[in-house]
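*Asks:* One file: final-v3.cif (mmCIF, C-alpha atoms and all ligand atoms).
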data_upload
#
loop_
_atom_site.group_PDB
_atom_site.id
_atom_site.type_symbol
_atom_site.label_atom_id
_atom_site.label_comp_id
_atom_site.auth_asym_id
_atom_site.auth_seq_id
_atom_site.Cartn_x
_atom_site.Cartn_y
_atom_site.Cartn_z
ATOM 1 C CA MET N 169 27.651 29.919 -27.090
ATOM 2 C CA PRO N 170 26.674 27.449 -24.372
ATOM 3 C CA ALA N 171 28.654 27.429 -21.155
ATOM 4 C CA VAL N 172 31.338 24.836 -20.664
ATOM 5 C CA LEU N 173 34.369 25.185 -18.381
ATOM 6 C CA SER N 174 34.456 28.767 -17.103
ATOM 7 C CA PRO N 175 36.300 28.584 -13.760
ATOM 8 C CA HIS N 176 36.612 32.376 -13.405
ATOM 9 C CA ALA N 177 33.259 33.504 -14.863
ATOM 10 C CA PRO N 178 31.338 36.060 -12.796
ATOM 11 C CA ALA N 179 29.102 34.501 -10.142
ATOM 12 C CA GLN N 180 25.428 34.069 -11.039
ATOM 13 C CA THR N 181 22.785 35.006 -8.484
ATOM 14 C CA PHE N 182 20.617 31.987 -7.746
ATOM 15 C CA GLU N 183 18.821 30.339 -4.892
ATOM 16 C CA ILE N 184 18.582 26.642 -3.997
ATOM 17 C CA ARG N 185 15.310 25.823 -2.226
ATOM 18 C CA PRO N 186 14.714 22.325 -0.829
ATOM 19 C CA LEU N 187 11.290 20.965 -1.764
ATOM 20 C CA ASP N 188 8.774 19.939 0.872
ATOM 21 C CA ALA N 189 9.190 16.278 -0.128
ATOM 22 C CA PRO N 190 11.343 13.212 0.651
ATOM 23 C CA LEU N 191 13.872 14.489 -1.915
ATOM 24 C CA GLY N 192 14.453 17.362 -4.306
ATOM 25 C CA ALA N 193 15.383 21.024 -4.493
ATOM 26 C CA GLU N 194 14.629 23.755 -6.988
ATOM 27 C CA VAL N 195 17.145 26.211 -8.348
ATOM 28 C CA ILE N 196 15.816 29.668 -9.082
ATOM 29 C CA GLY N 197 17.722 32.310 -11.006
ATOM 30 C CA LEU N 198 20.514 30.269 -12.596
ATOM 31 C CA ASP N 199 20.869 30.289 -16.385
ATOM 32 C CA ILE N 200 22.616 27.060 -17.374
ATOM 33 C CA SER N 201 23.464 28.475 -20.812
ATOM 34 C CA LYS N 202 25.619 31.226 -19.253
ATOM 35 C CA PRO N 203 29.143 30.614 -17.959
ATOM 36 C CA ILE N 204 29.083 28.930 -14.530
ATOM 37 C CA ASN N 205 32.170 29.440 -12.386
ATOM 38 C CA ASP N 206 33.682 26.757 -10.175
ATOM 39 C CA ALA N 207 32.110 28.039 -6.936
ATOM 40 C CA ASP N 208 28.616 28.120 -8.455
ATOM 41 C CA PHE N 209 29.168 24.709 -9.992
ATOM 42 C CA ALA N 210 30.239 23.342 -6.597
ATOM 43 C CA ARG N 211 26.951 24.631 -5.064
ATOM 44 C CA ILE N 212 24.944 22.873 -7.770
ATOM 45 C CA HIS N 213 26.934 19.681 -7.385
ATOM 46 C CA ARG N 214 26.419 19.738 -3.598
ATOM 47 C CA ALA N 215 22.664 20.292 -4.023
ATOM 48 C CA HIS N 216 22.520 17.313 -6.369
ATOM 49 C CA LEU N 217 24.267 15.075 -3.827
ATOM 50 C CA ASP N 218 22.160 16.333 -0.919
ATOM 51 C CA HIS N 219 18.742 16.398 -2.594
ATOM 52 C CA HIS N 220 19.138 13.779 -5.392
ATOM 53 C CA VAL N 221 16.792 15.645 -7.765
ATOM 54 C CA VAL N 222 17.448 19.266 -8.724
ATOM 55 C CA VAL N 223 14.865 21.234 -10.675
ATOM 56 C CA PHE N 224 16.336 24.152 -12.631
ATOM 57 C CA ARG N 225 13.412 26.449 -13.333
ATOM 58 C CA GLY N 226 12.946 28.545 -16.443
ATOM 59 C CA GLN N 227 15.696 27.166 -18.676
ATOM 60 C CA GLN N 228 14.859 28.566 -22.108
ATOM 61 C CA VAL N 229 18.006 27.052 -23.545
ATOM 62 C CA SER N 230 19.079 25.238 -26.704
ATOM 63 C CA PRO N 231 19.936 21.528 -27.017
ATOM 64 C CA ASP N 232 23.605 22.619 -27.322
ATOM 65 C CA ALA N 233 23.422 24.328 -23.923
ATOM 66 C CA HIS N 234 21.644 21.318 -22.388
ATOM 67 C CA VAL N 235 24.391 19.010 -23.693
ATOM 68 C CA ALA N 236 27.228 21.333 -22.618
ATOM 69 C CA PHE N 237 25.824 21.705 -19.086
ATOM 70 C CA SER N 238 25.279 17.930 -18.800
ATOM 71 C CA ARG N 239 28.884 17.284 -19.894
ATOM 72 C CA ARG N 240 30.190 19.232 -16.913
ATOM 73 C CA PHE N 241 29.121 16.245 -14.796
ATOM 74 C CA GLY N 242 30.745 13.618 -17.028
ATOM 75 C CA PRO N 243 30.748 12.011 -20.473
ATOM 76 C CA LEU N 244 27.302 11.318 -21.926
ATOM 77 C CA GLU N 245 25.620 8.055 -22.853
ATOM 78 C CA ILE N 246 24.317 7.445 -26.356
ATOM 79 C CA HIS N 247 20.964 5.657 -25.959
ATOM 80 C CA VAL N 248 20.618 2.312 -27.722
ATOM 81 C CA LEU N 249 17.356 3.448 -29.411
ATOM 82 C CA HIS N 250 19.114 5.605 -32.021
ATOM 83 C CA GLN N 251 15.711 5.986 -33.731
ATOM 84 C CA TYR N 252 14.853 8.611 -31.092
ATOM 85 C CA HIS N 253 18.038 10.655 -30.982
ATOM 86 C CA LEU N 254 17.507 14.348 -31.658
ATOM 87 C CA ALA N 255 18.807 15.086 -35.162
ATOM 88 C CA GLY N 256 22.379 16.366 -34.908
ATOM 89 C CA HIS N 257 22.491 15.565 -31.163
ATOM 90 C CA PRO N 258 23.003 11.836 -30.579
ATOM 91 C CA GLU N 259 23.469 12.570 -26.851
ATOM 92 C CA ILE N 260 19.811 13.643 -26.616
ATOM 93 C CA LEU N 261 17.000 11.093 -26.409
ATOM 94 C CA ILE N 262 13.598 12.489 -27.367
ATOM 95 C CA VAL N 263 10.953 11.438 -24.841
ATOM 96 C CA SER N 264 7.605 12.137 -26.455
ATOM 97 C CA ASN N 265 4.176 10.708 -27.226
ATOM 98 C CA ILE N 266 3.863 12.893 -30.341
ATOM 99 C CA LYS N 267 3.422 11.252 -33.733
ATOM 100 C CA GLU N 268 4.211 13.081 -36.963
ATOM 101 C CA ASN N 269 2.917 11.566 -40.230
ATOM 102 C CA GLY N 270 1.900 8.528 -38.185
ATOM 103 C CA GLU N 271 5.457 8.007 -36.874
ATOM 104 C CA PRO N 272 6.538 8.577 -33.230
ATOM 105 C CA ILE N 273 9.070 11.390 -32.908
ATOM 106 C CA GLY N 274 10.352 10.019 -29.601
ATOM 107 C CA LEU N 275 10.171 7.260 -27.051
ATOM 108 C CA GLY N 276 6.561 7.603 -25.946
ATOM 109 C CA ASP N 277 6.593 5.077 -23.131
ATOM 110 C CA ALA N 278 9.994 5.918 -21.598
ATOM 111 C CA GLY N 279 9.773 5.434 -17.866
ATOM 112 C CA ALA N 280 6.603 3.327 -17.926
ATOM 113 C CA TYR N 281 8.018 1.203 -15.069
ATOM 114 C CA TRP N 282 10.092 2.298 -12.072
ATOM 115 C CA HIS N 283 13.805 2.214 -12.877
ATOM 116 C CA SER N 284 17.234 3.777 -12.571
ATOM 117 C CA ASP N 285 18.642 4.728 -15.979
ATOM 118 C CA ILE N 286 21.027 2.296 -17.667
ATOM 119 C CA SER N 287 21.166 -0.096 -14.673
ATOM 120 C CA TYR N 288 21.372 -2.850 -17.315
ATOM 121 C CA LYS N 289 24.924 -1.835 -18.242
ATOM 122 C CA PRO N 290 28.019 -2.710 -16.166
ATOM 123 C CA LYS N 291 28.443 1.031 -15.542
ATOM 124 C CA PRO N 292 24.967 2.471 -14.968
ATOM 125 C CA SER N 293 24.276 6.169 -15.313
ATOM 126 C CA LEU N 294 25.368 8.788 -12.769
ATOM 127 C CA GLY N 295 22.388 10.992 -13.513
ATOM 128 C CA SER N 296 20.014 12.224 -16.203
ATOM 129 C CA LEU N 297 18.807 15.684 -17.224
ATOM 130 C CA LEU N 298 15.298 15.948 -18.673
ATOM 131 C CA HIS N 299 14.311 19.242 -20.283
ATOM 132 C CA ALA N 300 10.674 20.178 -20.906
ATOM 133 C CA GLN N 301 9.938 21.204 -24.504
ATOM 134 C CA GLU N 302 6.169 20.776 -24.741
ATOM 135 C CA LEU N 303 3.928 19.912 -21.788
ATOM 136 C CA PRO N 304 0.372 18.573 -21.629
ATOM 137 C CA ALA N 305 -2.351 20.595 -19.895
ATOM 138 C CA GLU N 306 -2.914 17.621 -17.596
ATOM 139 C CA GLY N 307 -0.871 14.566 -16.599
ATOM 140 C CA GLY N 308 2.708 13.967 -17.679
ATOM 141 C CA ASP N 309 4.160 14.055 -14.151
ATOM 142 C CA THR N 310 7.381 12.248 -13.228
ATOM 143 C CA LEU N 311 7.718 10.437 -9.881
ATOM 144 C CA PHE N 312 11.013 10.001 -8.040
ATOM 145 C CA ALA N 313 11.613 7.538 -5.168
ATOM 146 C CA ASN N 314 14.456 8.069 -2.698
ATOM 147 C CA GLN N 315 16.369 4.764 -2.503
ATOM 148 C CA HIS N 316 18.518 5.845 0.462
ATOM 149 C CA LEU N 317 15.364 6.269 2.549
ATOM 150 C CA ALA N 318 14.051 2.963 1.184
ATOM 151 C CA TRP N 319 17.220 1.187 2.348
ATOM 152 C CA GLU N 320 17.238 2.902 5.739
ATOM 153 C CA ALA N 321 13.585 1.967 6.379
ATOM 154 C CA LEU N 322 14.181 -1.785 5.929
ATOM 155 C CA SER N 323 14.334 -3.995 9.026
ATOM 156 C CA LEU N 324 17.833 -4.926 10.173
ATOM 157 C CA THR N 325 17.056 -8.556 9.370
ATOM 158 C CA LEU N 326 16.191 -7.737 5.770
ATOM 159 C CA GLN N 327 19.158 -5.361 5.458
ATOM 160 C CA ARG N 328 21.528 -8.154 6.568
ATOM 161 C CA ARG N 329 19.881 -10.635 4.195
ATOM 162 C CA ILE N 330 20.128 -8.498 1.063
ATOM 163 C CA LEU N 331 23.450 -6.712 1.655
ATOM 164 C CA PRO N 332 25.605 -9.478 0.094
ATOM 165 C CA LEU N 333 23.184 -10.210 -2.783
ATOM 166 C CA LYS N 334 23.575 -9.423 -6.467
ATOM 167 C CA ALA N 335 20.881 -9.191 -9.125
ATOM 168 C CA GLU N 336 20.731 -9.395 -12.890
ATOM 169 C CA HIS N 337 19.460 -6.349 -14.829
ATOM 170 C CA SER N 338 18.387 -6.529 -18.461
ATOM 171 C CA TYR N 339 17.204 -3.893 -20.940
ATOM 172 C CA LEU N 340 15.257 -6.645 -22.685
ATOM 173 C CA ALA N 341 13.315 -7.675 -19.549
ATOM 174 C CA LYS N 342 10.165 -5.766 -20.453
ATOM 175 C CA TYR N 343 10.937 -4.837 -24.066
ATOM 176 C CA GLU N 344 8.535 -7.275 -25.745
ATOM 177 C CA GLU N 345 5.790 -6.526 -23.197
ATOM 178 C CA LEU N 346 6.133 -2.811 -24.009
ATOM 179 C CA ARG N 347 6.165 -3.563 -27.750
ATOM 180 C CA ALA N 348 2.963 -5.580 -27.421
ATOM 181 C CA LYS N 349 1.278 -2.544 -25.825
ATOM 182 C CA ASN N 350 2.963 -0.019 -28.119
ATOM 183 C CA PRO N 351 3.569 -1.631 -31.518
ATOM 184 C CA TRP N 352 5.377 1.497 -32.757
ATOM 185 C CA ARG N 353 8.349 0.464 -30.547
ATOM 186 C CA PRO N 354 11.067 -0.596 -32.989
ATOM 187 C CA LYS N 355 12.167 -4.198 -33.214
ATOM 188 C CA LEU N 356 15.764 -4.190 -32.011
ATOM 189 C CA SER N 357 18.488 -5.053 -34.500
ATOM 190 C CA GLN N 358 21.099 -7.657 -33.511
ATOM 191 C CA ALA N 359 23.591 -4.789 -33.101
ATOM 192 C CA GLN N 360 21.240 -3.112 -30.597
ATOM 193 C CA VAL N 361 20.666 -6.370 -28.699
ATOM 194 C CA ASP N 362 24.451 -6.829 -28.512
ATOM 195 C CA GLN N 363 24.806 -3.381 -26.914
ATOM 196 C CA VAL N 364 22.536 -4.288 -24.018
ATOM 197 C CA ALA N 365 23.817 -7.638 -22.715
ATOM 198 C CA PRO N 366 22.546 -8.172 -19.132
ATOM 199 C CA ALA N 367 24.655 -6.907 -16.224
ATOM 200 C CA VAL N 368 24.957 -8.043 -12.619
ATOM 201 C CA GLN N 369 24.637 -5.350 -9.945
ATOM 202 C CA PRO N 370 24.673 -5.264 -6.140
ATOM 203 C CA VAL N 371 21.156 -5.248 -4.669
ATOM 204 C CA VAL N 372 22.349 -2.493 -2.339
ATOM 205 C CA ARG N 373 24.814 0.012 -3.748
ATOM 206 C CA THR N 374 26.990 2.568 -2.021
ATOM 207 C CA HIS N 375 26.896 6.062 -3.438
ATOM 208 C CA PRO N 376 30.451 6.683 -4.670
ATOM 209 C CA GLU N 377 30.432 10.358 -3.605
ATOM 210 C CA THR N 378 28.435 10.396 -0.364
ATOM 211 C CA GLY N 379 29.008 6.851 0.908
ATOM 212 C CA ARG N 380 25.266 6.400 1.565
ATOM 213 C CA LYS N 381 23.691 3.044 0.820
ATOM 214 C CA ALA N 382 20.719 2.761 -1.541
ATOM 215 C CA LEU N 383 18.463 -0.033 -2.765
ATOM 216 C CA PHE N 384 19.321 -0.790 -6.383
ATOM 217 C CA VAL N 385 16.660 -3.059 -7.897
ATOM 218 C CA SER N 386 13.821 -2.025 -10.194
ATOM 219 C CA GLU N 387 10.657 -3.529 -11.632
ATOM 220 C CA HIS N 388 11.740 -2.449 -15.131
ATOM 221 C CA PHE N 389 15.184 -3.947 -15.415
ATOM 222 C CA THR N 390 15.889 -6.390 -12.536
ATOM 223 C CA THR N 391 15.209 -9.945 -13.676
ATOM 224 C CA GLY N 392 16.423 -12.140 -10.801
ATOM 225 C CA ILE N 393 18.640 -12.536 -7.758
ATOM 226 C CA VAL N 394 21.887 -14.339 -8.498
ATOM 227 C CA GLY N 395 22.259 -17.653 -6.646
ATOM 228 C CA LEU N 396 18.706 -17.844 -5.221
ATOM 229 C CA PRO N 397 16.107 -20.335 -6.463
ATOM 230 C CA ARG N 398 13.786 -18.567 -8.944
ATOM 231 C CA GLU N 399 10.725 -18.580 -6.667
ATOM 232 C CA GLU N 400 12.592 -17.305 -3.619
ATOM 233 C CA GLY N 401 14.361 -14.598 -5.651
ATOM 234 C CA ASP N 402 11.134 -13.458 -7.288
ATOM 235 C CA ALA N 403 9.362 -13.233 -3.925
ATOM 236 C CA LEU N 404 12.207 -11.186 -2.479
ATOM 237 C CA LEU N 405 12.258 -8.865 -5.499
ATOM 238 C CA ALA N 406 8.481 -8.381 -5.308
ATOM 239 C CA GLU N 407 8.848 -7.380 -1.650
ATOM 240 C CA LEU N 408 11.692 -4.963 -2.429
ATOM 241 C CA PHE N 409 9.904 -3.418 -5.451
ATOM 242 C CA ALA N 410 6.785 -2.726 -3.352
ATOM 243 C CA HIS N 411 8.854 -1.321 -0.480
ATOM 244 C CA SER N 412 11.122 0.872 -2.623
ATOM 245 C CA VAL N 413 8.313 3.075 -3.957
ATOM 246 C CA LYS N 414 6.237 3.596 -0.818
ATOM 247 C CA PRO N 415 4.657 7.056 -0.746
ATOM 248 C CA ALA N 416 6.965 8.129 2.117
ATOM 249 C CA PHE N 417 9.935 7.975 -0.295
ATOM 250 C CA VAL N 418 8.288 9.571 -3.344
ATOM 251 C CA TYR N 419 8.271 13.089 -4.822
ATOM 252 C CA ARG N 420 5.861 13.817 -7.674
ATOM 253 C CA HIS N 421 7.239 16.354 -10.125
ATOM 254 C CA ARG N 422 4.551 18.444 -11.810
ATOM 255 C CA TRP N 423 6.338 19.984 -14.752
ATOM 256 C CA GLN N 424 6.466 23.714 -15.368
ATOM 257 C CA PRO N 425 7.442 25.223 -18.729
ATOM 258 C CA HIS N 426 11.226 25.104 -19.350
ATOM 259 C CA ASP N 427 12.024 22.989 -16.278
ATOM 260 C CA LEU N 428 15.290 21.101 -16.523
ATOM 261 C CA VAL N 429 15.254 18.240 -13.997
ATOM 262 C CA PHE N 430 18.548 16.602 -13.014
ATOM 263 C CA TRP N 431 18.269 13.396 -10.996
ATOM 264 C CA ASP N 432 20.876 11.122 -9.440
ATOM 265 C CA ASN N 433 20.431 7.569 -10.734
ATOM 266 C CA ARG N 434 22.594 6.308 -7.852
ATOM 267 C CA SER N 435 20.065 7.612 -5.307
ATOM 268 C CA VAL N 436 16.613 7.541 -6.899
ATOM 269 C CA MET N 437 14.375 5.569 -9.208
ATOM 270 C CA HIS N 438 11.845 7.319 -11.427
ATOM 271 C CA LEU N 439 8.579 6.656 -13.205
ATOM 272 C CA ALA N 440 6.635 8.524 -15.891
ATOM 273 C CA ALA N 441 3.109 8.750 -14.514
ATOM 274 C CA GLY N 442 1.547 8.890 -18.008
ATOM 275 C CA THR N 443 0.000 11.422 -20.362
ATOM 276 C CA PRO N 444 -3.525 11.274 -21.822
ATOM 277 C CA ASP N 445 -3.201 10.074 -25.435
ATOM 278 C CA HIS N 446 -4.825 13.169 -26.927
ATOM 279 C CA LEU N 447 -2.318 15.552 -25.281
ATOM 280 C CA ARG N 448 1.194 16.280 -26.528
ATOM 281 C CA ARG N 449 4.311 15.903 -24.372
ATOM 282 C CA LYS N 450 7.922 16.297 -25.474
ATOM 283 C CA LEU N 451 11.115 16.391 -23.407
ATOM 284 C CA TYR N 452 14.807 15.997 -24.207
ATOM 285 C CA ARG N 453 16.998 13.744 -22.060
ATOM 286 C CA THR N 454 20.740 13.564 -21.639
ATOM 287 C CA THR N 455 22.217 10.738 -19.565
ATOM 288 C CA ILE N 456 25.587 10.975 -17.829
ATOM 289 C CA GLN N 457 27.838 7.945 -17.685
ATOM 290 C CA GLY N 458 28.534 6.543 -14.235
ATOM 291 C CA ASP N 459 30.883 4.050 -12.646
ATOM 292 C CA THR N 460 30.746 0.415 -11.547
ATOM 293 C CA PRO N 461 28.381 0.031 -8.558
ATOM 294 C CA PHE N 462 29.784 -1.424 -5.317
HETATM 295 C C1 LIG N 501 12.489 8.619 -18.403
HETATM 296 O O1 LIG N 501 12.326 7.546 -17.825
HETATM 297 O O2 LIG N 501 13.599 9.040 -18.685
HETATM 298 C C2 LIG N 501 11.297 9.471 -18.794
HETATM 299 C C3 LIG N 501 10.605 10.055 -17.634
HETATM 300 C C4 LIG N 501 9.426 10.887 -18.060
HETATM 301 O O3 LIG N 501 9.102 10.945 -19.244
HETATM 302 O O4 LIG N 501 8.780 11.486 -17.189
#
Using the file provided, produce a representation of the structure as structure tokens.
Ligand code: SIN

*Replies:*
Amino acid sequence: MPAVLSPHAPAQTFEIRPLDAPLGAEVIGLDISKPINDADFARIHRAHLDHHVVVFRGQQVSPDAHVAFSRRFGPLEIHVLHQYHLAGHPEILIVSNIKENGEPIGLGDAGAYWHSDISYKPKPSLGSLLHAQELPAEGGDTLFANQHLAWEALSLTLQRRILPLKAEHSYLAKYEELRAKNPWRPKLSQAQVDQVAPAVQPVVRTHPETGRKALFVSEHFTTGIVGLPREEGDALLAELFAHSVKPAFVYRHRWQPHDLVFWDNRSVMHLAAGTPDHLRRKLYRTTIQGDTPF
């Protein structure tokens, strides 16, 4: 049985090692499918807040265990593309370039542009957990950009200018562009379109648990700055997009078998770097619900 609430379970022996990067830590020795007591859970939670991306190595665990562990951080999102839910597990989105009988088994181009998950909803995601199932021999990396560092590195003038601003985010912003490149992407039903009405978010958000500020705009979902003329808003967004993913803020995750990577969508953006077409890649993603950004 996968672990859920086990406040008095025996401690597990595991190590948390910060990565030599602008964000990230790896966890060695923990088995997320075994009971995790409150003290161990508090260590994991702290590492997530401090490092923004936590890589749990060697998790040979079932989808049930992945879901149960994810739920310890909050209720889970159900992704609008129900076509790519794992059978029997609507909380899991299959991220994969694999086709079976000519049909994609998952969302092959997930993460093709920098983004923070679900920023297009009024309550964007707290964090996401991506679990490696099948990895290509080359490529398939995931990049993460630290948006606290991005905010802190802005000039004071630019910080003051953008602090009061809000921006619109839309799931549909790049949908047709992606469909033109990848015709297997399903046409959205009216019910799906209705689920993803645009949302307005602060351009700079405050992390609800640490109080740190972070840039919160992305090339994938942010469509415009509220109240600015189109040209001025677009120029500002272009400047912020370029700044937010400078190499000094980025960690490149090279996947190892059975990695489970847990990132904080309130602190980082991410990007799938791409997989050569002839190689297979499959991962399972859960996405934790978050709260209203401020
Ligand atoms: C995603 O954006 O959730 C997918 C990232 C990846 O496939 O590396």

*Asks:* Using only C-alpha atoms and all ligand atoms, can you tell me which of N:Thr325, N:Ser201, N:Ser174, N:Gln301 comes closest to ligand LIG 501 (chain N)?

*Replies:*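 Of the candidates, the smallest distance to ligand LIG 501 (chain N) is held by N:Gln301.
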
*Asks:* With a distance cut-off of 8 Å and all atoms listed in the file, select the neighbouring residues of Phe224 (chain N), excluding the residue or stretch itself and same-chain residues fewer than 3 positions from it, and output the selection as a list in words.

*Replies:*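 Near Phe224 (chain N), the qualifying residues are Glu194, Val195, Ile196, Leu198, Gln227, Asp427, Leu428, Val429 and Phe430 of chain N.
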
*Asks:* Box time for region 294-299 of chain N: axis-aligned, enclosing all its listed atoms, 3 Å extra on each side; report centre and edge lengths in Å to one decimal, as AutoDock Vina command-line options.

*Replies:*
--center_x 19.8 --center_y 14.0 --center_z -16.5 --size_x 17.1 --size_y 16.5 --size_z 13.5

*Asks:* Residues up to 8 Å from ligand LIG 501 (chain N), counting all atoms listed in the file: could you list those as a list in words?

*Replies:*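 Every residue with an atom at most 8 Å from ligand LIG 501 (chain N) is listed here: Val263, Ser264, Gly276, Asp277, Ala278, Gly279, Ala280, His283, Asp285, Ser296, Leu298, Gly308, Asp309, Thr310, Leu311, His438, Leu439, Ala440, Ala441, Gly442, Leu451 and Arg453 of chain N.
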
*Asks:* For the structure shown, which residues end up in the PyMOL selection byres (((chain N and resi 375) around 12) and not hetatm)? Put them as a PyMOL selection string, please?

*Replies:* chain N and resi 217-218+220+294+315-316+370+372-374+376-384+432-436+458-462

*Asks:* Extract, using only C-alpha atoms, all DNA, RNA and protein residues at most 9 Å from Ala416 (chain N), discarding same-chain residues fewer than 6 positions from it, and format them as a ChimeraX atom specification.

*Replies:* /N:189-190,313-314,317-318

*Asks:* Could you please determine the separation between CA of Leu408 (chain N) and CA of Ile286 (chain N) in Å, to one decimal place?

*Replies:*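 We find that CA of Leu408 (chain N) and CA of Ile286 (chain N) lie 19.3 Å from each other.
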
*Asks:* Expand the PyMOL selection byres (((chain N and resi 330) around 12) and not hetatm) into the explicit residue set it covers here, and present it as a ChimeraX atom specification.

*Replies:* /N:319,322-329,331-335,370-373,382-385,393-394,396,401,404-405,407-408

*Asks:* So which one's closest to Val221 (chain N), N:Arg185, N:His446, N:Arg353, N:Lys291? Using all atoms listed in the file, please.

*Replies:* N:Arg185

*Asks:* Hey, can you check how far CA of Tyr343 (chain N) sits from CA of Phe389 (chain N)?

*Replies:*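 Here the two named atoms are 9.7 Å from each other.
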
*Asks:* Within 12 Å of region 238-260 of chain N, which residues of region 297-409 of chain N come that close, and what is the closest atom pair and distance in Å for each? Count all atoms listed in the file and give it as a Markdown table.

*Replies:*
| residue | atom | partner | partner_atom | distance |
| --- | --- | --- | --- | --- |
| N:Leu297 | CA | N:Ser238 | CA | 7.0 |
| N:Leu298 | CA | N:Ile260 | CA | 9.4 |
| N:His299 | CA | N:Ile260 | CA | 10.1 |
| N:Tyr339 | CA | N:Val248 | CA | 9.8 |
| N:Leu340 | CA | N:Val248 | CA | 11.6 |
| N:Tyr343 | CA | N:Leu249 | CA | 11.8 |
| N:Trp352 | CA | N:Gln251 | CA | 11.3 |
| N:Arg353 | CA | N:Leu249 | CA | 9.6 |
| N:Pro354 | CA | N:Gln251 | CA | 8.1 |
| N:Lys355 | CA | N:Leu249 | CA | 10.0 |
| N:Leu356 | CA | N:Leu249 | CA | 8.2 |
| N:Ser357 | CA | N:Leu249 | CA | 10.0 |
| N:Gln358 | CA | N:Val248 | CA | 11.5 |
| N:Ala359 | CA | N:Val248 | CA | 9.4 |
| N:Gln360 | CA | N:Val248 | CA | 6.2 |
| N:Val361 | CA | N:Val248 | CA | 8.7 |
| N:Asp362 | CA | N:Val248 | CA | 9.9 |
| N:Gln363 | CA | N:Val248 | CA | 7.1 |
| N:Val364 | CA | N:Val248 | CA | 7.8 |
| N:Ala365 | CA | N:Val248 | CA | 11.6 |

*Asks:* Tell me which of N:His176, N:Glu387, N:Glu345, N:Ala367 sits closest to Asp402 (chain N), counting all atoms listed in the file.

*Replies:*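 Among the listed residues, N:Glu387 lies closest to Asp402 (chain N).
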
*Asks:* Report, in Å to a single decimal, how far apart CA of Phe312 (chain N) and CA of Met437 (chain N) are.

*Replies:*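 Spanning CA of Met437 (chain N) to CA of Phe312 (chain N) is a straight-line distance of 5.7 Å.
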
*Asks:* Identify the residues around (19.8, 33.8, -6.7) within a radius of 10 Å, measuring from all atoms listed in the file in the coordinates stated by the file, and give them as a list in words.

*Replies:*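 The residues that fall inside the cut-off are Ala179, Gln180, Thr181, Phe182, Glu183, Ile184, Val195, Ile196, Gly197 and Leu198 of chain N.
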
*Asks:* Apply the PyMOL selection byres (((chain N and resi 232) around 9) and not hetatm) to the structure shown and report the selected residues as a ChimeraX atom specification.

*Replies:* /N:169-170,201,229-231,233-237,257

*Asks:* Missing atoms in region 228-237 of chain N: can you complete it with N, CA, C and O atoms, as an mmCIF file, keeping the file's coordinate frame?

*Replies:*
data_model
loop_
_atom_site.group_PDB
_atom_site.id
_atom_site.type_symbol
_atom_site.label_atom_id
_atom_site.label_comp_id
_atom_site.auth_asym_id
_atom_site.auth_seq_id
_atom_site.Cartn_x
_atom_site.Cartn_y
_atom_site.Cartn_z
ATOM 1 N N GLN N 228 15.190 28.429 -20.683
ATOM 2 C CA GLN N 228 14.859 28.566 -22.108
ATOM 3 C C GLN N 228 16.157 28.455 -22.895
ATOM 4 O O GLN N 228 16.702 29.460 -23.368
ATOM 5 N N VAL N 229 16.662 27.248 -23.001
ATOM 6 C CA VAL N 229 18.006 27.052 -23.545
ATOM 7 C C VAL N 229 17.960 26.037 -24.698
ATOM 8 O O VAL N 229 17.033 25.249 -24.807
ATOM 9 N N SER N 230 19.001 26.091 -25.510
ATOM 10 C CA SER N 230 19.079 25.238 -26.704
ATOM 11 C C SER N 230 19.551 23.830 -26.328
ATOM 12 O O SER N 230 20.154 23.625 -25.255
ATOM 13 N N PRO N 231 19.360 22.867 -27.234
ATOM 14 C CA PRO N 231 19.936 21.528 -27.017
ATOM 15 C C PRO N 231 21.452 21.594 -26.812
ATOM 16 O O PRO N 231 22.000 20.851 -25.984
ATOM 17 N N ASP N 232 22.148 22.497 -27.517
ATOM 18 C CA ASP N 232 23.605 22.619 -27.322
ATOM 19 C C ASP N 232 23.929 22.972 -25.871
ATOM 20 O O ASP N 232 24.879 22.430 -25.286
ATOM 21 N N ALA N 233 23.166 23.902 -25.308
ATOM 22 C CA ALA N 233 23.422 24.328 -23.923
ATOM 23 C C ALA N 233 23.107 23.193 -22.950
ATOM 24 O O ALA N 233 23.828 22.981 -21.968
ATOM 25 N N HIS N 234 22.023 22.476 -23.224
ATOM 26 C CA HIS N 234 21.644 21.318 -22.388
ATOM 27 C C HIS N 234 22.785 20.293 -22.393
ATOM 28 O O HIS N 234 23.208 19.803 -21.333
ATOM 29 N N VAL N 235 23.309 19.997 -23.577
ATOM 30 C CA VAL N 235 24.391 19.010 -23.693
ATOM 31 C C VAL N 235 25.651 19.523 -22.985
ATOM 32 O O VAL N 235 26.302 18.791 -22.224
ATOM 33 N N ALA N 236 25.988 20.785 -23.205
ATOM 34 C CA ALA N 236 27.228 21.333 -22.618
ATOM 35 C C ALA N 236 27.152 21.322 -21.091
ATOM 36 O O ALA N 236 28.117 20.951 -20.403
ATOM 37 N N PHE N 237 25.991 21.710 -20.541
ATOM 38 C CA PHE N 237 25.824 21.705 -19.086
ATOM 39 C C PHE N 237 25.910 20.265 -18.557
ATOM 40 O O PHE N 237 26.606 19.997 -17.563
#
